[in-house]
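File shown here: run_23.cif, holding mmCIF, C-alpha atoms (C1' of nucleotides).
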```
data_model
loop_
_atom_site.group_PDB
_atom_site.id
_atom_site.type_symbol
_atom_site.label_atom_id
_atom_site.label_comp_id
_atom_site.auth_asym_id
_atom_site.auth_seq_id
_atom_site.Cartn_x
_atom_site.Cartn_y
_atom_site.Cartn_z
ATOM 1 C CA MET A 659 3.222 29.295 -5.604
ATOM 2 C CA GLY A 660 -0.421 29.181 -4.674
ATOM 3 C CA LEU A 661 -1.007 26.835 -7.571
ATOM 4 C CA THR A 662 -2.075 23.255 -6.982
ATOM 5 C CA LYS A 663 0.358 20.772 -8.547
ATOM 6 C CA THR A 664 -2.323 18.846 -10.396
ATOM 7 C CA ASP A 665 0.130 17.067 -12.681
ATOM 8 C CA GLN A 666 1.895 15.512 -9.707
ATOM 9 C CA PHE A 667 -1.160 13.553 -8.631
ATOM 10 C CA THR A 668 -3.043 10.645 -10.153
ATOM 11 C CA GLU A 669 -6.099 11.145 -12.292
ATOM 12 C CA ARG A 670 -8.215 9.500 -9.647
ATOM 13 C CA GLN A 671 -6.892 11.785 -6.927
ATOM 14 C CA ASN A 672 -7.615 14.847 -9.038
ATOM 15 C CA GLU A 673 -11.032 13.521 -9.950
ATOM 16 C CA ILE A 674 -12.098 12.866 -6.366
ATOM 17 C CA ALA A 675 -10.692 16.217 -5.289
ATOM 18 C CA ALA A 676 -12.497 18.134 -8.032
ATOM 19 C CA LEU A 677 -15.864 16.542 -7.294
ATOM 20 C CA ALA A 678 -15.459 16.877 -3.533
ATOM 21 C CA LYS A 679 -14.383 20.477 -3.903
ATOM 22 C CA ALA A 680 -17.504 21.182 -5.944
ATOM 23 C CA ILE A 681 -19.706 20.201 -3.015
ATOM 24 C CA GLY A 682 -17.265 21.758 -0.561
ATOM 25 C CA HIS A 683 -19.407 24.821 0.045
ATOM 26 C CA PRO A 684 -22.709 24.921 1.954
ATOM 27 C CA ALA A 685 -24.413 26.897 -0.817
ATOM 28 C CA ARG A 686 -23.570 24.201 -3.342
ATOM 29 C CA VAL A 687 -24.720 21.473 -0.967
ATOM 30 C CA ALA A 688 -27.960 23.423 -0.598
ATOM 31 C CA ILE A 689 -28.323 23.557 -4.379
ATOM 32 C CA ILE A 690 -27.819 19.801 -4.648
ATOM 33 C CA GLU A 691 -30.310 19.162 -1.850
ATOM 34 C CA HIS A 692 -32.792 21.461 -3.551
ATOM 35 C CA LEU A 693 -32.428 19.653 -6.851
ATOM 36 C CA LEU A 694 -32.993 16.356 -5.066
ATOM 37 C CA LYS A 695 -36.148 17.578 -3.333
ATOM 38 C CA GLU A 696 -37.931 19.890 -5.736
ATOM 39 C CA ASN A 697 -39.859 18.910 -8.800
ATOM 40 C CA SER A 698 -38.993 22.151 -10.437
ATOM 41 C CA CYS A 699 -35.346 22.887 -10.883
ATOM 42 C CA VAL A 700 -35.669 26.245 -12.577
ATOM 43 C CA CYS A 701 -32.743 28.478 -11.755
ATOM 44 C CA GLY A 702 -35.000 31.109 -10.187
ATOM 45 C CA SER A 703 -36.363 28.698 -7.614
ATOM 46 C CA ILE A 704 -32.840 27.868 -6.575
ATOM 47 C CA VAL A 705 -32.011 31.540 -6.182
ATOM 48 C CA ASP A 706 -35.154 31.997 -4.056
ATOM 49 C CA ALA A 707 -34.240 29.036 -1.898
ATOM 50 C CA LEU A 708 -30.758 30.308 -1.095
ATOM 51 C CA PRO A 709 -29.763 33.190 1.190
ATOM 52 C CA LEU A 710 -27.467 34.650 -1.423
ATOM 53 C CA ALA A 711 -27.669 37.178 -4.223
ATOM 54 C CA GLN A 712 -28.613 36.024 -7.704
ATOM 55 C CA ALA A 713 -25.135 36.682 -9.049
ATOM 56 C CA THR A 714 -23.575 34.586 -6.308
ATOM 57 C CA VAL A 715 -25.938 31.680 -6.868
ATOM 58 C CA SER A 716 -25.260 31.853 -10.587
ATOM 59 C CA GLN A 717 -21.562 31.585 -9.823
ATOM 60 C CA HIS A 718 -22.084 28.503 -7.636
ATOM 61 C CA LEU A 719 -24.242 26.921 -10.324
ATOM 62 C CA LYS A 720 -21.457 27.493 -12.788
ATOM 63 C CA GLU A 721 -18.968 25.713 -10.554
ATOM 64 C CA LEU A 722 -21.247 22.719 -10.150
ATOM 65 C CA LYS A 723 -21.759 22.708 -13.905
ATOM 66 C CA THR A 724 -18.022 22.926 -14.562
ATOM 67 C CA ALA A 725 -17.445 19.962 -12.249
ATOM 68 C CA GLY A 726 -20.122 18.141 -14.242
ATOM 69 C CA ILE A 727 -22.371 17.497 -11.250
ATOM 70 C CA ILE A 728 -25.319 19.417 -12.674
ATOM 71 C CA LYS A 729 -26.526 20.352 -16.120
ATOM 72 C CA GLY A 730 -28.974 22.952 -17.381
ATOM 73 C CA ASN A 731 -31.526 22.956 -20.145
ATOM 74 C CA ILE A 732 -32.837 26.172 -21.641
ATOM 75 C CA GLU A 733 -36.600 26.456 -21.273
ATOM 76 C CA GLY A 734 -37.814 29.713 -22.698
ATOM 77 C CA THR A 735 -36.351 32.547 -20.647
ATOM 78 C CA SER A 736 -35.475 30.323 -17.746
ATOM 79 C CA ILE A 737 -33.069 27.436 -17.332
ATOM 80 C CA CYS A 738 -33.941 24.065 -15.879
ATOM 81 C CA TYR A 739 -31.119 22.663 -13.792
ATOM 82 C CA CYS A 740 -30.770 19.114 -12.603
ATOM 83 C CA ILE A 741 -28.276 16.565 -11.380
ATOM 84 C CA ASN A 742 -26.145 14.998 -14.103
ATOM 85 C CA ASP A 743 -26.934 11.340 -13.768
ATOM 86 C CA VAL A 744 -23.676 10.022 -15.214
ATOM 87 C CA VAL A 745 -21.333 12.175 -13.147
ATOM 88 C CA TRP A 746 -23.376 11.789 -9.983
ATOM 89 C CA ASN A 747 -23.236 8.004 -10.251
ATOM 90 C CA LYS A 748 -19.538 8.126 -11.006
ATOM 91 C CA PHE A 749 -19.038 10.275 -7.923
ATOM 92 C CA LYS A 750 -21.021 7.783 -5.887
ATOM 93 C CA GLY A 751 -18.953 4.911 -7.236
ATOM 94 C CA ILE A 752 -15.608 6.548 -6.591
ATOM 95 C CA LEU A 753 -16.507 7.462 -3.025
ATOM 96 C CA SER A 754 -18.049 4.070 -2.334
ATOM 97 C CA ALA A 755 -14.782 2.495 -3.438
ATOM 98 C CA LEU A 756 -12.849 4.779 -1.101
ATOM 99 C CA PHE A 757 -15.076 3.930 1.837
ATOM 100 C CA GLU A 758 -14.877 0.278 0.918
ATOM 101 C CA GLU A 759 -11.083 0.424 1.081
ATOM 102 C CA TYR A 760 -11.391 1.571 4.634
ATOM 103 C CA GLU A 761 -13.623 -1.338 5.597
ATOM 104 C CA LEU A 762 -11.003 -3.705 4.241
ATOM 105 C CA SER A 763 -8.000 -2.090 5.900
ATOM 106 C CA LYS A 764 -7.118 -3.649 9.210
ATOM 107 C CA ASN A 765 -4.068 -1.558 10.019
ATOM 108 C CA LYS A 766 -5.581 0.889 12.432
ATOM 109 C CA CYS A 767 -2.536 1.952 14.378
ATOM 110 C CA CYS A 768 -3.953 4.706 16.572
ATOM 111 C CA MET B 1259 -17.455 40.002 1.279
ATOM 112 C CA GLY B 1260 -15.427 36.928 0.498
ATOM 113 C CA LEU B 1261 -16.677 35.306 3.681
ATOM 114 C CA THR B 1262 -18.895 32.233 3.491
ATOM 115 C CA LYS B 1263 -22.269 32.836 5.179
ATOM 116 C CA THR B 1264 -22.079 29.722 7.314
ATOM 117 C CA ASP B 1265 -24.855 30.826 9.664
ATOM 118 C CA GLN B 1266 -27.303 31.005 6.779
ATOM 119 C CA PHE B 1267 -27.069 27.305 6.036
ATOM 120 C CA THR B 1268 -28.167 24.215 7.918
ATOM 121 C CA GLU B 1269 -25.811 22.287 10.149
ATOM 122 C CA ARG B 1270 -25.976 19.374 7.758
ATOM 123 C CA GLN B 1271 -25.098 21.538 4.778
ATOM 124 C CA ASN B 1272 -22.108 22.990 6.603
ATOM 125 C CA GLU B 1273 -21.065 19.565 7.800
ATOM 126 C CA ILE B 1274 -21.111 17.986 4.356
ATOM 127 C CA ALA B 1275 -19.350 21.007 2.884
ATOM 128 C CA ALA B 1276 -16.602 20.991 5.513
ATOM 129 C CA LEU B 1277 -15.859 17.285 5.090
ATOM 130 C CA ALA B 1278 -16.024 17.456 1.302
ATOM 131 C CA LYS B 1279 -13.792 20.504 1.263
ATOM 132 C CA ALA B 1280 -11.257 18.634 3.389
ATOM 133 C CA ILE B 1281 -10.832 16.006 0.670
ATOM 134 C CA GLY B 1282 -11.189 18.652 -2.034
ATOM 135 C CA HIS B 1283 -7.491 18.736 -2.828
ATOM 136 C CA PRO B 1284 -5.505 15.979 -4.558
ATOM 137 C CA ALA B 1285 -2.781 16.067 -1.919
ATOM 138 C CA ARG B 1286 -5.297 15.374 0.812
ATOM 139 C CA VAL B 1287 -6.896 12.596 -1.235
ATOM 140 C CA ALA B 1288 -3.388 11.159 -1.627
ATOM 141 C CA ILE B 1289 -2.884 11.317 2.136
ATOM 142 C CA ILE B 1290 -6.170 9.491 2.753
ATOM 143 C CA GLU B 1291 -5.302 6.860 0.149
ATOM 144 C CA HIS B 1292 -1.886 6.423 1.740
ATOM 145 C CA LEU B 1293 -3.386 5.953 5.173
ATOM 146 C CA LEU B 1294 -5.751 3.366 3.742
ATOM 147 C CA LYS B 1295 -2.957 1.422 2.066
ATOM 148 C CA GLU B 1296 0.090 1.623 4.317
ATOM 149 C CA ASN B 1297 0.606 -0.207 7.561
ATOM 150 C CA SER B 1298 2.744 2.598 8.822
ATOM 151 C CA CYS B 1299 1.131 5.987 9.037
ATOM 152 C CA VAL B 1300 4.086 7.911 10.415
ATOM 153 C CA CYS B 1301 4.056 11.483 9.216
ATOM 154 C CA GLY B 1302 7.443 11.106 7.525
ATOM 155 C CA SER B 1303 6.231 8.315 5.279
ATOM 156 C CA ILE B 1304 3.390 10.518 4.142
ATOM 157 C CA VAL B 1305 5.802 13.342 3.344
ATOM 158 C CA ASP B 1306 7.968 10.904 1.357
ATOM 159 C CA ALA B 1307 4.938 9.651 -0.558
ATOM 160 C CA LEU B 1308 3.810 13.096 -1.656
ATOM 161 C CA PRO B 1309 5.383 15.390 -4.259
ATOM 162 C CA LEU B 1310 5.289 18.342 -1.894
ATOM 163 C CA ALA B 1311 7.558 19.965 0.653
ATOM 164 C CA GLN B 1312 7.362 18.869 4.274
ATOM 165 C CA ALA B 1313 5.840 22.164 5.367
ATOM 166 C CA THR B 1314 3.106 21.885 2.769
ATOM 167 C CA VAL B 1315 2.253 18.320 3.719
ATOM 168 C CA SER B 1316 2.148 19.326 7.371
ATOM 169 C CA GLN B 1317 -0.355 22.019 6.451
ATOM 170 C CA HIS B 1318 -2.571 19.561 4.585
ATOM 171 C CA LEU B 1319 -2.396 17.151 7.529
ATOM 172 C CA LYS B 1320 -3.513 19.954 9.794
ATOM 173 C CA GLU B 1321 -6.535 20.634 7.617
ATOM 174 C CA LEU B 1322 -7.560 16.993 7.599
ATOM 175 C CA LYS B 1323 -7.095 16.937 11.374
ATOM 176 C CA THR B 1324 -9.152 20.111 11.819
ATOM 177 C CA ALA B 1325 -11.957 18.554 9.761
ATOM 178 C CA GLY B 1326 -11.695 15.538 12.051
ATOM 179 C CA ILE B 1327 -10.989 13.078 9.261
ATOM 180 C CA ILE B 1328 -7.607 12.014 10.615
ATOM 181 C CA LYS B 1329 -5.989 11.952 14.031
ATOM 182 C CA GLY B 1330 -2.384 11.712 15.168
ATOM 183 C CA ASN B 1331 -0.713 9.919 18.031
ATOM 184 C CA ILE B 1332 2.692 10.989 19.289
ATOM 185 C CA GLU B 1333 5.185 8.135 19.134
ATOM 186 C CA GLY B 1334 8.558 9.291 20.289
ATOM 187 C CA THR B 1335 9.825 11.951 17.917
ATOM 188 C CA SER B 1336 7.414 11.010 15.193
ATOM 189 C CA ILE B 1337 3.661 11.127 14.914
ATOM 190 C CA CYS B 1338 1.449 8.275 13.816
ATOM 191 C CA TYR B 1339 -1.455 9.469 11.721
ATOM 192 C CA CYS B 1340 -4.557 7.516 10.859
ATOM 193 C CA ILE B 1341 -8.155 7.848 9.758
ATOM 194 C CA ASN B 1342 -10.550 8.860 12.513
ATOM 195 C CA ASP B 1343 -13.001 5.995 12.569
ATOM 196 C CA VAL B 1344 -15.950 7.941 13.978
ATOM 197 C CA VAL B 1345 -15.760 10.894 11.598
ATOM 198 C CA TRP B 1346 -14.974 8.740 8.590
ATOM 199 C CA ASN B 1347 -18.041 6.597 9.206
ATOM 200 C CA LYS B 1348 -20.145 9.673 9.767
ATOM 201 C CA PHE B 1349 -18.906 11.065 6.466
ATOM 202 C CA LYS B 1350 -19.780 7.803 4.780
ATOM 203 C CA GLY B 1351 -23.239 7.844 6.308
ATOM 204 C CA ILE B 1352 -24.000 11.413 5.342
ATOM 205 C CA LEU B 1353 -22.900 10.910 1.756
ATOM 206 C CA SER B 1354 -24.696 7.586 1.462
ATOM 207 C CA ALA B 1355 -27.878 9.351 2.564
ATOM 208 C CA LEU B 1356 -27.332 12.019 -0.063
ATOM 209 C CA PHE B 1357 -26.794 9.467 -2.809
ATOM 210 C CA GLU B 1358 -29.781 7.511 -1.538
ATOM 211 C CA GLU B 1359 -31.969 10.605 -1.882
ATOM 212 C CA TYR B 1360 -31.041 10.713 -5.531
ATOM 213 C CA GLU B 1361 -32.049 7.098 -6.095
ATOM 214 C CA LEU B 1362 -35.455 7.878 -4.635
ATOM 215 C CA SER B 1363 -36.054 11.084 -6.573
ATOM 216 C CA LYS B 1364 -38.007 10.543 -9.750
ATOM 217 C CA ASN B 1365 -38.208 14.129 -10.902
ATOM 218 C CA LYS B 1366 -35.469 14.173 -13.452
ATOM 219 C CA CYS B 1367 -36.551 17.033 -15.641
ATOM 220 C CA CYS B 1368 -33.619 17.348 -18.015
ATOM 221 C "C1'" DT C 69 -40.628 47.251 -31.440
ATOM 222 C "C1'" DT C 70 -40.778 47.946 -26.645
ATOM 223 C "C1'" DT C 71 -40.950 46.067 -22.098
ATOM 224 C "C1'" DA C 72 -40.547 42.693 -18.603
ATOM 225 C "C1'" DT C 73 -38.392 38.533 -17.026
ATOM 226 C "C1'" DT C 74 -34.680 35.535 -16.359
ATOM 227 C "C1'" DT C 75 -29.956 34.261 -16.144
ATOM 228 C "C1'" DA C 76 -24.948 35.197 -17.036
ATOM 229 C "C1'" DT C 77 -21.034 38.047 -16.807
ATOM 230 C "C1'" DC C 78 -18.046 41.866 -15.341
ATOM 231 C "C1'" DG C 79 -15.724 44.456 -11.972
ATOM 232 C "C1'" DT C 80 -14.303 44.833 -7.478
ATOM 233 C "C1'" DA C 81 -13.270 43.982 -2.541
ATOM 234 C "C1'" DA C 82 -12.403 40.859 1.162
ATOM 235 C "C1'" DT C 83 -10.783 36.644 2.511
ATOM 236 C "C1'" DA C 84 -8.885 31.892 1.904
ATOM 237 C "C1'" DT C 85 -5.817 28.548 -0.064
ATOM 238 C "C1'" DT C 86 -1.557 26.703 -1.792
ATOM 239 C "C1'" DG C 87 3.262 26.241 -1.576
ATOM 240 C "C1'" DC C 88 7.882 26.723 0.166
ATOM 241 C "C1'" DA C 89 12.107 28.189 2.801
ATOM 242 C "C1'" DA C 90 13.458 29.127 7.188
ATOM 243 C "C1'" DT C 91 13.027 28.302 11.727
ATOM 244 C "C1'" DA C 92 11.087 26.702 16.007
ATOM 245 C "C1'" DA C 93 9.747 23.009 19.116
ATOM 246 C "C1'" DA C 94 10.019 18.602 21.016
ATOM 247 C "C1'" DT C 95 12.090 14.342 22.002
ATOM 248 C "C1'" DA C 96 15.575 10.412 21.580
ATOM 249 C "C1'" DG C 97 20.024 9.086 22.081
ATOM 250 C "C1'" DA C 98 25.059 9.878 22.623
ATOM 251 C "C1'" DT D 508 24.307 18.629 27.955
ATOM 252 C "C1'" DC D 509 24.740 18.381 22.969
ATOM 253 C "C1'" DT D 510 23.260 16.567 18.618
ATOM 254 C "C1'" DA D 511 20.283 14.485 15.363
ATOM 255 C "C1'" DT D 512 15.657 13.568 13.980
ATOM 256 C "C1'" DT D 513 11.000 14.623 13.310
ATOM 257 C "C1'" DT D 514 7.114 17.571 12.940
ATOM 258 C "C1'" DA D 515 4.884 22.219 13.467
ATOM 259 C "C1'" DT D 516 4.852 27.034 12.766
ATOM 260 C "C1'" DT D 517 5.982 31.480 10.772
ATOM 261 C "C1'" DG D 518 6.365 34.597 7.042
ATOM 262 C "C1'" DC D 519 5.690 35.487 2.548
ATOM 263 C "C1'" DA D 520 4.152 35.450 -2.444
ATOM 264 C "C1'" DA D 521 0.959 33.848 -5.862
ATOM 265 C "C1'" DT D 522 -3.435 32.450 -6.860
ATOM 266 C "C1'" DA D 523 -8.310 31.151 -5.894
ATOM 267 C "C1'" DT D 524 -12.728 31.746 -3.726
ATOM 268 C "C1'" DT D 525 -16.714 34.160 -2.047
ATOM 269 C "C1'" DA D 526 -19.918 37.749 -2.389
ATOM 270 C "C1'" DC D 527 -22.457 41.471 -4.454
ATOM 271 C "C1'" DG D 528 -24.013 45.446 -7.372
ATOM 272 C "C1'" DA D 529 -24.315 46.732 -11.920
ATOM 273 C "C1'" DT D 530 -25.002 45.462 -16.321
ATOM 274 C "C1'" DA D 531 -25.350 42.592 -20.373
ATOM 275 C "C1'" DA D 532 -27.692 39.022 -23.012
ATOM 276 C "C1'" DA D 533 -31.497 36.427 -24.410
ATOM 277 C "C1'" DT D 534 -36.184 35.450 -24.921
ATOM 278 C "C1'" DA D 535 -41.339 35.999 -24.041
ATOM 279 C "C1'" DA D 536 -45.115 38.806 -24.170
ATOM 280 C "C1'" DA D 537 -47.496 43.107 -24.987
#
```

Written as structure tokens, that's how I'd like the structure from this file.
Amino acid sequence: MGLTKTDQFTERQNEIAALAKAIGHPARVAIIEHLLKENSCVCGSIVDALPLAQATVSQHLKELKTAGIIKGNIEGTSICYCINDVVWNKFKGILSALFEEYELSKNKCC
Amino acid sequence: MGLTKTDQFTERQNEIAALAKAIGHPARVAIIEHLLKENSCVCGSIVDALPLAQATVSQHLKELKTAGIIKGNIEGTSICYCINDVVWNKFKGILSALFEEYELSKNKCC
DNA sequence: TTTATTTATCGTAATATTGCAATAAATAGA
DNA sequence: TCTATTTATTGCAATATTACGATAAATAAA
């Protein structure tokens, strides 16, 4: 119990869920927004921008990285984070398709 | 500890996170997909379509309802569930804006 | 080499989520 | 009223998430 039955769902369902879950926390949304806005995406600037401890931010960055949404490049002592183009576009595509399905469905019963 | 600092983030960040979190589980993605596909959206048909116990499905439905993504109409002994048009479109809009921001950002540094 | 800077990891506590069986609640129909 | 059907809720166990201080690891600079 307490364990999601991943193998019982389709790959697409698990994929959407994993990506959505990754941005399912305000801190991680804030990180994404920051990466979209700022020129610099050095880890430290993200930590400064968030109202959380460095360790906590690092943990959120790790989750986004695990989901594939962001990637980091080592730059001396610091790390430059940014959105992962491929995954981000895939995410966009998958969600667009989902929203598109809704437009096409005419069976609104309530 | 262990409690998300909701008040430290913007309304938009919390909004995106809450909606994303709601579809951040394969079972709930499956429910959404089912509602998009099926004519009937009676609760029982959703339970039959998912590889989970009735109580578990009911719990997932409650979460989607709490997030506002779906709504249910009582129809005799059963309940007819469907996507909440207003919230779904809002979700679409918010995410489209987020993806749009990425298109416009030219500061890909890694 | 030593020190400072930057980021990741560990350990821990509090809380949340997932899942199910059992049971309750609510209504339709006999 | 009694029974069957349908959905929600309760109670519980297992696991996951969130948060932070302390500390480790890795590199730059003195």

Running the PyMOL selection byres ((chain A) within 8 of (chain C)) on this model by hand, what would come out? Give it as a ChimeraX atom specification. /A:659-662,701-702,716,735-737

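A straight line drawn from CA of Ala1275 in chain B to CA of Gly751 in chain A is 19.0 Å long.
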
Reference chain A, mobile chain B, all Cα atoms fitted, written as an mmCIF file with C-alpha atoms, keeping the file's coordinate frame:
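The result, written out as result_4.cif:
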```cif
data_model
loop_
_atom_site.group_PDB
_atom_site.id
_atom_site.type_symbol
_atom_site.label_atom_id
_atom_site.label_comp_id
_atom_site.auth_asym_id
_atom_site.auth_seq_id
_atom_site.Cartn_x
_atom_site.Cartn_y
_atom_site.Cartn_z
ATOM 1 C CA MET B 1259 3.323 29.272 -5.613
ATOM 2 C CA GLY B 1260 -0.308 29.115 -4.633
ATOM 3 C CA LEU B 1261 -0.995 26.843 -7.582
ATOM 4 C CA THR B 1262 -2.084 23.256 -6.990
ATOM 5 C CA LYS B 1263 0.356 20.775 -8.568
ATOM 6 C CA THR B 1264 -2.337 18.854 -10.398
ATOM 7 C CA ASP B 1265 0.106 17.085 -12.711
ATOM 8 C CA GLN B 1266 1.872 15.524 -9.745
ATOM 9 C CA PHE B 1267 -1.173 13.563 -8.658
ATOM 10 C CA THR B 1268 -3.054 10.657 -10.178
ATOM 11 C CA GLU B 1269 -6.121 11.158 -12.320
ATOM 12 C CA ARG B 1270 -8.219 9.509 -9.652
ATOM 13 C CA GLN B 1271 -6.886 11.791 -6.941
ATOM 14 C CA ASN B 1272 -7.632 14.862 -9.037
ATOM 15 C CA GLU B 1273 -11.043 13.521 -9.944
ATOM 16 C CA ILE B 1274 -12.101 12.869 -6.364
ATOM 17 C CA ALA B 1275 -10.696 16.221 -5.277
ATOM 18 C CA ALA B 1276 -12.501 18.142 -8.018
ATOM 19 C CA LEU B 1277 -15.874 16.550 -7.273
ATOM 20 C CA ALA B 1278 -15.453 16.886 -3.516
ATOM 21 C CA LYS B 1279 -14.382 20.491 -3.878
ATOM 22 C CA ALA B 1280 -17.506 21.179 -5.929
ATOM 23 C CA ILE B 1281 -19.718 20.202 -2.991
ATOM 24 C CA GLY B 1282 -17.268 21.765 -0.543
ATOM 25 C CA HIS B 1283 -19.402 24.829 0.064
ATOM 26 C CA PRO B 1284 -22.710 24.920 1.958
ATOM 27 C CA ALA B 1285 -24.418 26.883 -0.802
ATOM 28 C CA ARG B 1286 -23.578 24.206 -3.332
ATOM 29 C CA VAL B 1287 -24.717 21.467 -0.952
ATOM 30 C CA ALA B 1288 -27.963 23.429 -0.588
ATOM 31 C CA ILE B 1289 -28.327 23.563 -4.368
ATOM 32 C CA ILE B 1290 -27.818 19.798 -4.650
ATOM 33 C CA GLU B 1291 -30.306 19.160 -1.847
ATOM 34 C CA HIS B 1292 -32.799 21.459 -3.547
ATOM 35 C CA LEU B 1293 -32.432 19.656 -6.843
ATOM 36 C CA LEU B 1294 -32.985 16.363 -5.059
ATOM 37 C CA LYS B 1295 -36.139 17.578 -3.335
ATOM 38 C CA GLU B 1296 -37.934 19.903 -5.736
ATOM 39 C CA ASN B 1297 -39.859 18.903 -8.808
ATOM 40 C CA SER B 1298 -38.987 22.163 -10.434
ATOM 41 C CA CYS B 1299 -35.329 22.893 -10.901
ATOM 42 C CA VAL B 1300 -35.657 26.262 -12.596
ATOM 43 C CA CYS B 1301 -32.743 28.496 -11.749
ATOM 44 C CA GLY B 1302 -35.011 31.123 -10.191
ATOM 45 C CA SER B 1303 -36.384 28.702 -7.630
ATOM 46 C CA ILE B 1304 -32.858 27.875 -6.580
ATOM 47 C CA VAL B 1305 -32.037 31.562 -6.174
ATOM 48 C CA ASP B 1306 -35.188 32.011 -4.064
ATOM 49 C CA ALA B 1307 -34.255 29.037 -1.896
ATOM 50 C CA LEU B 1308 -30.782 30.312 -1.086
ATOM 51 C CA PRO B 1309 -29.785 33.188 1.206
ATOM 52 C CA LEU B 1310 -27.499 34.656 -1.427
ATOM 53 C CA ALA B 1311 -27.708 37.187 -4.224
ATOM 54 C CA GLN B 1312 -28.637 36.026 -7.708
ATOM 55 C CA ALA B 1313 -25.151 36.688 -9.043
ATOM 56 C CA THR B 1314 -23.590 34.598 -6.304
ATOM 57 C CA VAL B 1315 -25.952 31.692 -6.863
ATOM 58 C CA SER B 1316 -25.268 31.861 -10.586
ATOM 59 C CA GLN B 1317 -21.568 31.575 -9.815
ATOM 60 C CA HIS B 1318 -22.087 28.520 -7.617
ATOM 61 C CA LEU B 1319 -24.252 26.931 -10.318
ATOM 62 C CA LYS B 1320 -21.459 27.507 -12.789
ATOM 63 C CA GLU B 1321 -18.983 25.723 -10.549
ATOM 64 C CA LEU B 1322 -21.253 22.727 -10.130
ATOM 65 C CA LYS B 1323 -21.764 22.700 -13.899
ATOM 66 C CA THR B 1324 -18.019 22.927 -14.553
ATOM 67 C CA ALA B 1325 -17.457 19.962 -12.224
ATOM 68 C CA GLY B 1326 -20.123 18.142 -14.220
ATOM 69 C CA ILE B 1327 -22.368 17.496 -11.241
ATOM 70 C CA ILE B 1328 -25.327 19.414 -12.643
ATOM 71 C CA LYS B 1329 -26.523 20.334 -16.109
ATOM 72 C CA GLY B 1330 -28.952 22.945 -17.386
ATOM 73 C CA ASN B 1331 -31.528 22.922 -20.137
ATOM 74 C CA ILE B 1332 -32.801 26.148 -21.652
ATOM 75 C CA GLU B 1333 -36.570 26.432 -21.338
ATOM 76 C CA GLY B 1334 -37.751 29.693 -22.757
ATOM 77 C CA THR B 1335 -36.289 32.523 -20.716
ATOM 78 C CA SER B 1336 -35.444 30.305 -17.804
ATOM 79 C CA ILE B 1337 -33.065 27.421 -17.361
ATOM 80 C CA CYS B 1338 -33.937 24.059 -15.889
ATOM 81 C CA TYR B 1339 -31.128 22.669 -13.785
ATOM 82 C CA CYS B 1340 -30.759 19.116 -12.593
ATOM 83 C CA ILE B 1341 -28.263 16.563 -11.361
ATOM 84 C CA ASN B 1342 -26.143 15.002 -14.086
ATOM 85 C CA ASP B 1343 -26.938 11.332 -13.748
ATOM 86 C CA VAL B 1344 -23.675 10.020 -15.199
ATOM 87 C CA VAL B 1345 -21.328 12.171 -13.128
ATOM 88 C CA TRP B 1346 -23.368 11.793 -9.966
ATOM 89 C CA ASN B 1347 -23.243 8.012 -10.226
ATOM 90 C CA LYS B 1348 -19.553 8.131 -10.983
ATOM 91 C CA PHE B 1349 -19.037 10.267 -7.895
ATOM 92 C CA LYS B 1350 -21.016 7.779 -5.861
ATOM 93 C CA GLY B 1351 -18.964 4.909 -7.221
ATOM 94 C CA ILE B 1352 -15.621 6.537 -6.571
ATOM 95 C CA LEU B 1353 -16.511 7.454 -3.009
ATOM 96 C CA SER B 1354 -18.050 4.062 -2.310
ATOM 97 C CA ALA B 1355 -14.775 2.487 -3.427
ATOM 98 C CA LEU B 1356 -12.858 4.773 -1.100
ATOM 99 C CA PHE B 1357 -15.077 3.934 1.852
ATOM 100 C CA GLU B 1358 -14.884 0.266 0.919
ATOM 101 C CA GLU B 1359 -11.084 0.416 1.064
ATOM 102 C CA TYR B 1360 -11.382 1.569 4.638
ATOM 103 C CA GLU B 1361 -13.616 -1.346 5.596
ATOM 104 C CA LEU B 1362 -11.005 -3.724 4.229
ATOM 105 C CA SER B 1363 -8.001 -2.091 5.873
ATOM 106 C CA LYS B 1364 -7.093 -3.662 9.176
ATOM 107 C CA ASN B 1365 -4.067 -1.560 9.983
ATOM 108 C CA LYS B 1366 -5.566 0.887 12.385
ATOM 109 C CA CYS B 1367 -2.532 1.953 14.335
ATOM 110 C CA CYS B 1368 -3.941 4.699 16.527
#
```

Residues returned when the PyMOL selection byres ((chain B) within 8 of (chain A)) runs on this file, as a PyMOL selection string: chain B and resi 1264+1266-1267+1271-1272+1274-1285+1287-1288+1291+1294-1299+1309+1329-1331+1338-1341+1350+1356-1357+1359-1360+1363+1365-1368

Could you work out which residues of chain D fall inside 12 Å of chain A? Count all atoms listed in the file, and format the result as a PyMOL selection string. chain D and resi 519-530+532-536

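The gap separating CA of Lys1320 in chain B from CA of Lys748 in chain A is 28.8 Å, in Å to one decimal.
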